[in-house]
$ cat upload10.csv   # CSV, C-alpha atoms
chain,number,residue,atom,x,y,z
S,161,MET,CA,-17.4,19.5,-32.2
S,162,SER,CA,-18.9,18.7,-35.7
S,163,ASP,CA,-22.6,19.5,-36.4
S,164,LYS,CA,-23.4,15.8,-36.6
S,165,LEU,CA,-21.8,15.2,-33.2
S,166,LYS,CA,-23.8,18.1,-31.7
S,167,GLN,CA,-27.0,16.6,-33.1
S,168,LEU,CA,-26.2,13.1,-31.9
S,169,THR,CA,-25.5,14.3,-28.4
S,170,GLY,CA,-28.3,16.8,-28.3
S,171,LYS,CA,-31.9,16.7,-26.9
S,172,ASN,CA,-34.0,17.0,-30.1
S,173,PRO,CA,-35.2,13.7,-31.5
S,174,LYS,CA,-35.5,15.3,-34.9
S,175,ASP,CA,-31.8,15.9,-34.8
S,176,PHE,CA,-30.3,12.8,-33.1
S,177,GLU,CA,-32.5,10.1,-34.6
S,178,PRO,CA,-31.4,10.4,-38.3
S,179,VAL,CA,-27.7,10.8,-37.2
S,180,ALA,CA,-27.9,7.7,-34.9
S,181,TYR,CA,-29.5,5.8,-37.8
S,182,SER,CA,-26.8,6.9,-40.2
S,183,LEU,CA,-24.0,6.1,-37.8
S,184,ILE,CA,-25.1,2.5,-37.5
S,185,ASN,CA,-26.4,1.8,-41.0
S,186,THR,CA,-23.7,3.5,-43.1
S,187,PRO,CA,-21.7,2.9,-40.8
S,188,ASP,CA,-20.2,6.4,-40.1
S,189,VAL,CA,-16.9,5.3,-38.6
S,190,ASP,CA,-15.5,8.8,-38.6
S,191,LEU,CA,-18.4,10.1,-36.6
S,192,PHE,CA,-18.0,7.3,-34.1
S,193,LYS,CA,-14.3,8.0,-33.8
S,194,GLY,CA,-15.1,11.7,-33.1
S,195,LEU,CA,-17.6,10.6,-30.5
S,196,VAL,CA,-15.0,8.4,-28.7
S,197,GLU,CA,-12.5,11.3,-28.8
S,198,ARG,CA,-15.0,13.4,-26.9
S,199,ASP,CA,-15.4,10.8,-24.1
S,200,ASP,CA,-13.7,13.0,-21.5
S,201,TYR,CA,-15.8,16.1,-22.3
S,202,LEU,CA,-19.3,14.6,-22.3
S,203,PHE,CA,-21.3,14.0,-19.2
S,204,ASP,CA,-22.1,10.4,-18.3
S,205,PHE,CA,-25.8,10.9,-18.9
S,206,VAL,CA,-25.1,12.2,-22.4
S,207,LYS,CA,-23.0,9.2,-23.3
S,208,ASN,CA,-25.6,6.9,-21.9
S,209,ASN,CA,-28.2,8.6,-24.0
S,210,VAL,CA,-26.1,8.2,-27.1
S,211,ALA,CA,-25.4,4.6,-26.4
S,212,ASN,CA,-29.1,3.9,-26.1
S,213,ARG,CA,-29.8,5.8,-29.3
S,214,LEU,CA,-27.3,3.8,-31.2
S,215,LYS,CA,-28.4,0.5,-29.7
S,216,LYS,CA,-32.0,1.2,-30.7
S,217,ASN,CA,-30.9,1.3,-34.3
S,218,CYS,CA,-29.1,-2.1,-34.3
S,219,ASN,CA,-30.9,-5.2,-35.7
S,220,LYS,CA,-30.2,-8.5,-37.3
S,221,ASP,CA,-29.6,-6.9,-40.7
S,222,ASN,CA,-27.0,-4.3,-39.7
S,223,TYR,CA,-25.3,-5.6,-36.5
S,224,LEU,CA,-22.2,-6.7,-38.5
S,225,ASN,CA,-21.6,-3.0,-39.2
S,226,LEU,CA,-20.5,-2.7,-35.5
S,227,LEU,CA,-17.3,-4.6,-36.4
S,228,GLN,CA,-16.1,-1.5,-38.1
S,229,LEU,CA,-16.5,0.5,-34.9
S,230,LEU,CA,-14.2,-1.9,-32.9
S,231,LYS,CA,-11.2,0.1,-34.0
S,232,PHE,CA,-12.1,2.8,-31.5
S,233,TYR,CA,-12.5,1.6,-27.9
S,234,SER,CA,-14.6,3.4,-25.3
S,235,PRO,CA,-15.9,2.0,-22.0
S,236,SER,CA,-19.0,4.3,-22.6
S,237,TYR,CA,-20.1,2.3,-25.7
S,238,GLU,CA,-18.6,-1.1,-25.0
S,239,ASP,CA,-21.8,-2.5,-23.5
S,240,PHE,CA,-24.1,-1.5,-26.3
S,241,ILE,CA,-21.6,-2.8,-29.0
S,242,VAL,CA,-20.8,-6.1,-27.2
S,243,SER,CA,-24.3,-6.8,-26.0
S,244,THR,CA,-25.6,-6.4,-29.5
S,245,LEU,CA,-23.0,-8.7,-31.0
S,246,VAL,CA,-23.7,-11.3,-28.3
S,247,LYS,CA,-27.5,-11.0,-29.0
S,248,PHE,CA,-26.9,-12.0,-32.7
S,249,ALA,CA,-23.9,-14.2,-32.1
S,250,ASN,CA,-23.4,-17.2,-34.3
S,251,GLU,CA,-20.6,-19.4,-35.4
S,252,ASP,CA,-19.5,-17.2,-38.2
S,253,LEU,CA,-19.4,-14.1,-36.0
S,254,THR,CA,-17.5,-15.9,-33.3
S,255,ASP,CA,-14.9,-17.0,-35.9
S,256,THR,CA,-14.6,-13.4,-37.1
S,257,MET,CA,-14.2,-12.2,-33.5
S,258,LEU,CA,-11.4,-14.8,-33.0
S,259,GLU,CA,-9.6,-13.5,-36.0
S,260,ILE,CA,-9.9,-9.9,-34.8
S,261,PHE,CA,-8.8,-10.9,-31.3
S,262,ASN,CA,-5.7,-12.6,-32.7
S,263,SER,CA,-4.5,-9.9,-35.1
S,264,GLY,CA,-6.4,-6.7,-34.3
S,265,SER,CA,-5.4,-3.6,-32.5
S,266,ASP,CA,-5.5,-3.3,-28.7
S,267,ASP,CA,-8.8,-1.4,-29.0
S,268,GLU,CA,-10.3,-4.2,-31.1
S,269,LYS,CA,-8.9,-6.9,-28.8
S,270,THR,CA,-10.5,-5.2,-25.8
S,271,TYR,CA,-14.0,-5.4,-27.3
S,272,CYS,CA,-13.2,-9.0,-28.3
S,273,ALA,CA,-12.2,-9.9,-24.8
S,274,LYS,CA,-15.6,-8.6,-23.5
S,275,TYR,CA,-17.4,-10.6,-26.2
S,276,PHE,CA,-15.7,-13.8,-25.1
S,277,GLU,CA,-16.7,-13.1,-21.5
S,278,TYR,CA,-20.2,-13.9,-22.7
S,279,ILE,CA,-19.4,-16.3,-25.5
S,280,ASN,CA,-17.1,-18.9,-23.9
S,281,ASP,CA,-15.6,-20.4,-27.0
S,282,PRO,CA,-12.7,-22.6,-25.9
S,283,LEU,CA,-10.7,-21.5,-29.0
S,284,ALA,CA,-10.5,-18.1,-27.4
S,285,LEU,CA,-9.0,-19.2,-24.1
S,286,ASP,CA,-5.4,-19.1,-25.1
S,287,LEU,CA,-5.8,-15.6,-26.5
S,288,VAL,CA,-7.6,-14.5,-23.3
S,289,LYS,CA,-4.7,-15.9,-21.2
S,290,ARG,CA,-2.1,-14.2,-23.4
S,291,TYR,CA,-3.7,-10.7,-23.1
S,292,ALA,CA,-4.7,-11.0,-19.5
S,293,ILE,CA,-1.1,-10.0,-18.7
S,294,SER,CA,-1.1,-7.2,-21.3
S,295,GLU,CA,0.4,-3.8,-20.3
S,296,ASN,CA,-2.8,-2.3,-21.7
S,297,GLN,CA,-4.8,-2.2,-18.4
S,298,VAL,CA,-8.2,-2.1,-20.0
S,299,LEU,CA,-7.5,-5.0,-22.3
S,300,SER,CA,-5.9,-7.0,-19.4
S,301,THR,CA,-9.0,-6.3,-17.2
S,302,ASN,CA,-11.4,-7.5,-19.8
S,303,CYS,CA,-9.4,-10.6,-20.4
S,304,ILE,CA,-9.4,-11.3,-16.6
S,305,TYR,CA,-13.2,-10.9,-16.5
S,306,ALA,CA,-13.3,-13.4,-19.4
S,307,LEU,CA,-11.1,-15.9,-17.6
S,308,ARG,CA,-13.4,-15.7,-14.6
S,309,ALA,CA,-16.4,-16.5,-16.9
S,310,PHE,CA,-14.4,-19.4,-18.4
S,311,GLY,CA,-13.8,-20.6,-14.8
S,312,ASP,CA,-10.0,-20.9,-15.6
S,313,LYS,CA,-7.8,-20.4,-12.6
S,314,GLU,CA,-4.3,-21.0,-14.0
S,315,LEU,CA,-3.3,-17.3,-13.9
S,316,PHE,CA,-5.4,-16.8,-10.8
S,317,ASN,CA,-3.1,-19.3,-9.0
S,318,GLN,CA,0.0,-17.7,-10.4
S,319,ALA,CA,-1.3,-14.3,-9.1
S,320,LEU,CA,-1.6,-15.8,-5.6
S,321,GLU,CA,2.0,-16.9,-5.8
S,322,LYS,CA,3.0,-13.4,-6.9
S,323,LEU,CA,1.7,-12.0,-3.6
S,324,LYS,CA,4.5,-13.9,-1.9
S,325,SER,CA,7.2,-12.6,-4.1
S,326,ASN,CA,10.1,-10.5,-2.8
S,327,ASP,CA,9.5,-8.2,-5.8
S,328,GLU,CA,7.1,-5.5,-4.7
S,329,TYR,CA,5.9,-4.9,-8.3
S,330,GLU,CA,5.2,-8.6,-8.7
S,331,GLN,CA,3.1,-8.4,-5.5
S,332,LEU,CA,1.2,-5.4,-6.8
S,333,SER,CA,0.7,-7.1,-10.2
S,334,GLY,CA,-0.7,-10.2,-8.5
S,335,ALA,CA,-3.0,-8.1,-6.3
S,336,LYS,CA,-4.4,-6.2,-9.3
S,337,PHE,CA,-5.1,-9.5,-11.1
S,338,LEU,CA,-6.9,-11.0,-8.2
S,339,VAL,CA,-9.0,-7.9,-7.6
S,340,SER,CA,-10.1,-7.9,-11.2
S,341,TYR,CA,-10.8,-11.6,-11.2
S,342,GLY,CA,-13.2,-11.0,-8.4
S,343,ASP,CA,-12.9,-14.1,-6.2
S,344,LYS,CA,-13.3,-12.8,-2.6
S,345,SER,CA,-11.8,-16.0,-1.3
S,346,CYS,CA,-8.3,-14.5,-1.8
S,347,THR,CA,-9.1,-11.4,0.3
S,348,GLN,CA,-6.9,-12.5,3.3
S,349,GLU,CA,-3.9,-13.3,1.1
S,350,ILE,CA,-4.1,-9.7,-0.3
S,351,VAL,CA,-4.4,-8.3,3.2
S,352,ASN,CA,-1.3,-10.3,4.2
S,353,ALA,CA,0.6,-8.9,1.2
S,354,VAL,CA,-0.2,-5.4,2.4
S,355,LYS,CA,1.4,-6.2,5.7
S,356,CYS,CA,4.7,-7.0,4.1
S,357,SER,CA,4.9,-5.0,0.9
S,358,PRO,CA,6.9,-1.8,0.3
S,359,LEU,CA,3.9,-0.9,-1.9
S,360,ALA,CA,1.4,-1.3,0.9
S,361,GLU,CA,-0.6,1.8,0.0
S,362,ASN,CA,-0.9,0.7,-3.6
S,363,ILE,CA,-2.2,-2.8,-2.8
S,364,ALA,CA,-4.5,-1.5,0.0
S,365,SER,CA,-6.1,0.9,-2.5
S,366,GLU,CA,-6.9,-2.0,-4.8
S,367,LEU,CA,-8.6,-4.2,-2.2
S,368,PRO,CA,-11.9,-2.3,-1.8
S,369,TYR,CA,-12.7,-3.0,-5.4
S,370,LEU,CA,-12.8,-6.7,-4.4
S,371,LEU,CA,-14.4,-6.4,-1.0
S,372,PRO,CA,-15.8,-3.2,0.6
S,373,LEU,CA,-14.0,-2.0,3.7
S,374,HIS,CA,-17.0,-2.5,5.9
S,375,GLU,CA,-17.0,-6.2,5.1
S,376,LEU,CA,-13.5,-6.8,6.4
S,377,ASN,CA,-13.0,-7.9,10.0
S,378,HIS,CA,-12.4,-5.0,12.4
S,379,ILE,CA,-8.6,-5.1,12.6
S,380,ASP,CA,-8.1,-5.7,8.9
S,381,LYS,CA,-10.5,-2.9,8.0
S,382,LEU,CA,-8.6,-0.5,10.2
S,383,PHE,CA,-5.2,-1.7,8.8
S,384,ILE,CA,-6.3,-1.4,5.1
S,385,LEU,CA,-8.0,1.9,5.8
S,386,ASN,CA,-4.9,3.3,7.4
S,387,ASN,CA,-2.8,2.4,4.3
S,388,ILE,CA,-5.5,4.0,2.1
S,389,ILE,CA,-5.3,7.2,4.1
S,390,ASN,CA,-1.5,7.2,3.7
S,391,GLY,CA,-1.8,6.9,-0.1
S,392,LEU,CA,-4.7,9.3,-0.6
S,393,GLY,CA,-3.8,12.1,-3.0
S,394,GLU,CA,-0.5,10.4,-4.0
S,395,VAL,CA,-1.2,6.7,-4.7
S,396,SER,CA,-4.9,7.0,-5.2
S,397,SER,CA,-6.9,9.9,-6.5
S,398,LEU,CA,-9.1,12.0,-4.2
S,399,SER,CA,-12.2,11.1,-6.2
S,400,GLN,CA,-11.7,7.5,-5.0
S,401,VAL,CA,-13.1,8.6,-1.6
S,402,PHE,CA,-16.4,7.7,-3.2
S,403,ASP,CA,-15.3,4.3,-4.3
S,404,PHE,CA,-13.9,3.6,-0.9
S,405,GLU,CA,-17.0,5.0,0.8
S,406,LEU,CA,-14.7,6.8,3.2
S,407,TYR,CA,-17.4,9.1,4.8
S,408,ASN,CA,-19.5,6.1,5.8
S,409,VAL,CA,-16.5,4.1,7.0
S,410,PHE,CA,-15.3,6.9,9.2
S,411,ASP,CA,-18.8,7.5,10.5
S,412,GLU,CA,-19.1,3.9,11.4
S,413,ILE,CA,-15.9,3.7,13.3
S,414,ILE,CA,-16.4,7.0,15.1
S,415,ASN,CA,-19.8,5.8,16.4
S,416,ALA,CA,-18.3,2.4,17.5
S,417,ASN,CA,-16.4,1.8,20.7
S,418,LEU,CA,-13.1,3.6,20.7
S,419,THR,CA,-10.0,1.3,20.6
S,420,PRO,CA,-6.3,2.1,20.5
S,421,GLN,CA,-6.2,0.9,16.8
S,422,THR,CA,-9.2,3.1,15.9
S,423,ALA,CA,-7.6,6.1,17.7
S,424,VAL,CA,-4.4,5.7,15.6
S,425,VAL,CA,-6.3,5.5,12.3
S,426,LEU,CA,-8.5,8.5,13.2
S,427,LEU,CA,-5.5,10.6,14.1
S,428,ASN,CA,-3.9,9.7,10.8
S,429,ALA,CA,-7.1,10.6,9.0
S,430,ILE,CA,-7.4,14.0,10.8
S,431,ASP,CA,-3.8,14.9,9.7
S,432,LYS,CA,-4.4,13.7,6.1
S,433,PHE,CA,-7.7,15.6,5.6
S,434,ASP,CA,-6.2,18.7,7.2
S,435,THR,CA,-3.4,18.5,4.7
S,436,LEU,CA,-5.7,17.9,1.8
S,437,THR,CA,-7.9,20.9,2.6
S,438,GLU,CA,-5.0,23.3,3.5
S,439,ASN,CA,-3.0,22.8,0.3
S,440,ASP,CA,-4.5,24.1,-2.9
S,441,GLU,CA,-2.5,21.7,-5.1
S,442,TYR,CA,-4.4,18.7,-3.8
S,443,LEU,CA,-7.9,20.0,-4.6
S,444,PHE,CA,-7.2,22.4,-7.5
S,445,ASP,CA,-8.2,20.0,-10.4
S,446,GLU,CA,-10.9,18.1,-8.5
S,447,SER,CA,-14.6,18.2,-9.2
S,448,LYS,CA,-16.9,20.2,-6.9
S,449,GLU,CA,-18.4,16.9,-5.7
S,450,THR,CA,-15.0,15.5,-4.7
S,451,LYS,CA,-14.0,18.8,-3.0
S,452,GLN,CA,-17.3,18.8,-1.1
S,453,GLU,CA,-16.8,15.2,0.0
S,454,ILE,CA,-13.3,15.9,1.2
S,455,PHE,CA,-14.5,18.9,3.3
S,456,ASP,CA,-17.5,16.9,4.6
S,457,ILE,CA,-15.1,14.2,5.9
S,458,LYS,CA,-12.9,16.8,7.5
S,459,VAL,CA,-15.9,18.2,9.3
S,460,LEU,CA,-16.9,14.8,10.5
S,461,LEU,CA,-13.4,14.1,11.8
S,462,SER,CA,-13.2,17.6,13.5
S,463,SER,CA,-15.7,16.5,16.1
S,464,LEU,CA,-13.2,14.1,17.7
S,465,ASN,CA,-11.4,14.7,20.9
S,466,LEU,CA,-7.6,14.8,20.0
S,467,SER,CA,-6.4,14.4,23.6
S,468,GLU,CA,-8.5,11.3,24.0
S,469,LEU,CA,-7.3,9.9,20.7
S,470,LYS,CA,-3.6,10.5,21.5
S,471,ALA,CA,-3.9,8.9,24.9
S,472,MET,CA,-5.5,5.8,23.4
S,473,ALA,CA,-3.1,5.7,20.4
S,474,SER,CA,-0.1,5.5,22.7
S,475,GLU,CA,-1.1,1.9,23.6
S,476,GLU,CA,-0.1,0.9,20.0
S,477,LEU,CA,3.6,2.0,20.7
S,478,ARG,CA,4.7,-1.6,20.7
S,479,GLN,CA,6.7,-3.6,18.2
S,480,ASP,CA,4.0,-6.2,17.5
S,481,SER,CA,1.3,-3.6,16.6
S,482,PRO,CA,0.5,-3.3,12.8
S,483,PHE,CA,-0.2,0.4,13.6
S,484,VAL,CA,3.1,1.2,15.4
S,485,PHE,CA,4.6,3.4,12.7
S,486,THR,CA,1.5,5.5,12.5
S,487,ALA,CA,1.2,5.7,16.3
S,488,LEU,CA,4.8,7.0,16.4
S,489,GLU,CA,3.8,9.9,14.1
S,490,HIS,CA,1.4,11.1,16.8
S,491,ALA,CA,3.3,10.1,19.9
S,492,SER,CA,4.0,12.4,22.8
S,493,ASN,CA,4.7,9.8,25.5
S,494,ILE,CA,8.5,9.9,25.5
S,495,LYS,CA,8.9,6.9,27.8
S,496,LYS,CA,6.8,4.6,25.6
S,497,VAL,CA,8.6,5.9,22.5
S,498,ARG,CA,12.0,5.2,24.1
S,499,ASN,CA,11.0,1.6,24.9
S,500,LEU,CA,11.0,0.9,21.2
S,501,LEU,CA,14.7,1.4,20.9
S,502,ALA,CA,15.2,-2.1,22.3
S,503,CYS,CA,13.1,-3.8,19.6
S,504,ASP,CA,14.6,-6.0,16.9
S,505,ASN,CA,13.0,-4.2,13.9
S,506,GLN,CA,15.8,-2.0,12.5
S,507,THR,CA,13.4,0.2,10.5
S,508,LEU,CA,11.3,0.8,13.6
S,509,ILE,CA,14.4,1.7,15.6
S,510,LEU,CA,15.3,4.3,13.0
S,511,LYS,CA,11.8,5.7,13.1
S,512,THR,CA,11.9,5.8,16.9
S,513,VAL,CA,15.2,7.8,16.9
S,514,GLU,CA,13.7,10.3,14.4
S,515,VAL,CA,10.6,10.7,16.6
S,516,LEU,CA,12.7,11.3,19.7
S,517,LYS,CA,14.7,13.9,17.8
S,518,LYS,CA,11.4,15.6,16.7
S,519,LEU,CA,10.2,15.6,20.3
S,520,GLY,CA,13.5,17.1,21.4
S,521,ALA,CA,14.2,14.1,23.7
S,522,LEU,CA,17.0,12.3,21.8
S,523,THR,CA,20.0,11.6,24.0
S,524,SER,CA,23.4,10.1,23.3
S,525,GLN,CA,22.4,7.1,25.4
S,526,ASP,CA,19.3,6.7,23.1
S,527,LYS,CA,21.5,6.6,20.0
S,528,ASN,CA,24.0,4.2,21.6
S,529,LEU,CA,21.1,1.9,22.6
S,530,ALA,CA,19.7,2.1,19.1
S,531,LEU,CA,23.0,1.3,17.4
S,532,GLU,CA,23.5,-1.8,19.6
S,533,ASN,CA,20.6,-3.5,17.7
S,534,ILE,CA,21.5,-2.2,14.2
S,535,THR,CA,23.4,-4.3,11.6
S,536,ASP,CA,22.3,-2.4,8.5
S,537,GLU,CA,25.1,-0.1,7.5
S,538,ASN,CA,22.8,2.4,5.9
S,539,ILE,CA,20.6,2.7,9.0
S,540,THR,CA,23.7,3.0,11.2
S,541,ASN,CA,25.0,6.0,9.1
S,542,ILE,CA,21.6,7.7,9.2
S,543,ILE,CA,21.4,7.4,13.0
S,544,LEU,CA,24.9,8.7,13.4
S,545,ALA,CA,24.0,11.7,11.3
S,546,ILE,CA,20.9,12.5,13.3
$ encode --input "upload10.csv" --output "structure tokens"
Amino acid sequence: MSDKLKQLTGKNPKDFEPVAYSLINTPDVDLFKGLVERDDYLFDFVKNNVANRLKKNCNKDNYLNLLQLLKFYSPSYEDFIVSTLVKFANEDLTDTMLEIFNSGSDDEKTYCAKYFEYINDPLALDLVKRYAISENQVLSTNCIYALRAFGDKELFNQALEKLKSNDEYEQLSGAKFLVSYGDKSCTQEIVNAVKCSPLAENIASELPYLLPLHELNHIDKLFILNNIINGLGEVSSLSQVFDFELYNVFDEIINANLTPQTAVVLLNAIDKFDTLTENDEYLFDESKETKQEIFDIKVLLSSLNLSELKAMASEELRQDSPFVFTALEHASNIKKVRNLLACDNQTLILKTVEVLKKLGALTSQDKNLALENITDENITNIILAI
């Protein structure tokens, strides 16, 4: 870290005030580039302090200097840069931002998209739409925020249609767009997509950023929570337990009336948090706050009566239950498991055969019954090999 950067991020006003003044008024683009490159190594409160110091030095005579900083994008300094530009916005600045938005780098475009979230110039709308589907996730998200501010729903409606696609990646793309757009009216459509998508865990992990889990109806909350649990540590990072407010969600359902659906989800959670805390590879790179939260959730779940949960969860061993696959993972009632061999869901039949095998209860009659209802050659071959 350079001496100037140490001074800018330090605690002594005699050090940081002249450096902050120089960065804005020169402008010292190289110093700002170095600051952005240190994003991952500075505490949030330090970056907030720096942003405030820089913003304090911006005025009507030097705000155009900020345009030279747009080449280096950082979410930590986006607000101070864009809010300052918006404060002094005029027709000439907006024309300049349009030019940069059209021909600049992705970093520059990302700042511009945020600018046009506040300055809804209709000339920017086509560019906003174009980059709302960019592969650059930050640029795309800022453009989606801008579309919401414009009140434009063309791509919103297209995203709703993507949820019905047979392509799971189109479904996920649609869900991510809708979550970023922030219109809670599409919540149920996203929940329905989770129910039929091979990427259910991925879509479920997006939904709480649109609507917190505790605001969903009881069954949908449990269903989305169950998929989040399945993907935790693989699809979503462990630090997202804070975003999902999992401790509070578990505490709430533990203290409510126990239902078969709740029992299934809690059994799944107990298994998951046992796995997370018993395998070093999951927690090795996590912060101490995340580790503590994971262990706190495990302690909370450890108070539950496993026998009671398993007895209740067996009631979800039926084809029409959205929790049936998870219930099978914890099933011990062989009769109820065996009854699923007569269902018409071929994937569920295969899972049932596997569970019977795991329980040491699979018979040749079971396999024959299963094969009677199978038309998929691949599933047939798997069952024959079990």
$ closest_residue --input "upload10.csv" --among "S:Ala335, S:Leu373, S:Leu165, S:Leu229" --to "S:Lys207" --atoms "all atoms listed in the file"
S:Leu165
$ closest_residue --input "upload10.csv" --among "S:Val351, S:Leu227, S:Ile494, S:Leu285" --to "S:Asn377" --atoms "only C-alpha atoms"
S:Val351
$ residues_around --input "upload10.csv" --residues "stretch 455-461 of chain S" --least-positions-apart "6" --cutoff "8 Å" --atoms "all atoms listed in the file" --output "mmCIF file with C-alpha atoms, keeping the file's coordinate frame"
data_model
loop_
_atom_site.group_PDB
_atom_site.id
_atom_site.type_symbol
_atom_site.label_atom_id
_atom_site.label_comp_id
_atom_site.auth_asym_id
_atom_site.auth_seq_id
_atom_site.Cartn_x
_atom_site.Cartn_y
_atom_site.Cartn_z
ATOM 1 C CA LEU S 406 -14.700 6.800 3.200
ATOM 2 C CA TYR S 407 -17.400 9.100 4.800
ATOM 3 C CA PHE S 410 -15.300 6.900 9.200
ATOM 4 C CA ASP S 411 -18.800 7.500 10.500
ATOM 5 C CA LEU S 426 -8.500 8.500 13.200
ATOM 6 C CA ALA S 429 -7.100 10.600 9.000
ATOM 7 C CA ILE S 430 -7.400 14.000 10.800
ATOM 8 C CA PHE S 433 -7.700 15.600 5.600
ATOM 9 C CA ASP S 434 -6.200 18.700 7.200
ATOM 10 C CA THR S 437 -7.900 20.900 2.600
#
$ residues_around --input "upload10.csv" --residues "S:Glu268" --least-positions-apart "6" --cutoff "7 Å" --atoms "all atoms listed in the file" --output "count of residues only"
5
$ residues_around --input "upload10.csv" --residues "S:Pro173" --least-positions-apart "6" --cutoff "12 Å" --atoms "all atoms listed in the file" --output "PyMOL selection string"
chain S and resi 167+179-181+209-210+213
$ residues_near_point --input "upload10.csv" --point "(-0.8, 5.0, 18.7)" --cutoff "7 Å" --atoms "all atoms listed in the file" --output "PyMOL selection string"
chain S and resi 420+423-424+470+472-477+483-484+486-488+490-491
$ residues_near_point --input "upload10.csv" --point "(7.8, 9.7, 26.8)" --cutoff "12 Å" --atoms "all atoms listed in the file" --output "PyMOL selection string"
chain S and resi 471+474+477+488+490-500+512+515-516+519-522
$ atom_distance --input "upload10.csv" --atom1 "atom CA of S:Ile379" --atom2 "atom CA of S:Asn408"
17.0 Å
$ residues_around --input "upload10.csv" --residues "S:Val246" --least-positions-apart "6" --cutoff "9 Å" --atoms "only C-alpha atoms" --output "short mmCIF file (atom, residue, chain, number, x, y, z; two decimals) with C-alpha atoms, keeping the file's coordinate frame"
data_model
loop_
_atom_site.label_atom_id
_atom_site.label_comp_id
_atom_site.auth_asym_id
_atom_site.auth_seq_id
_atom_site.Cartn_x
_atom_site.Cartn_y
_atom_site.Cartn_z
CA TYR S 275 -17.40 -10.60 -26.20
CA PHE S 276 -15.70 -13.80 -25.10
CA TYR S 278 -20.20 -13.90 -22.70
CA ILE S 279 -19.40 -16.30 -25.50
#
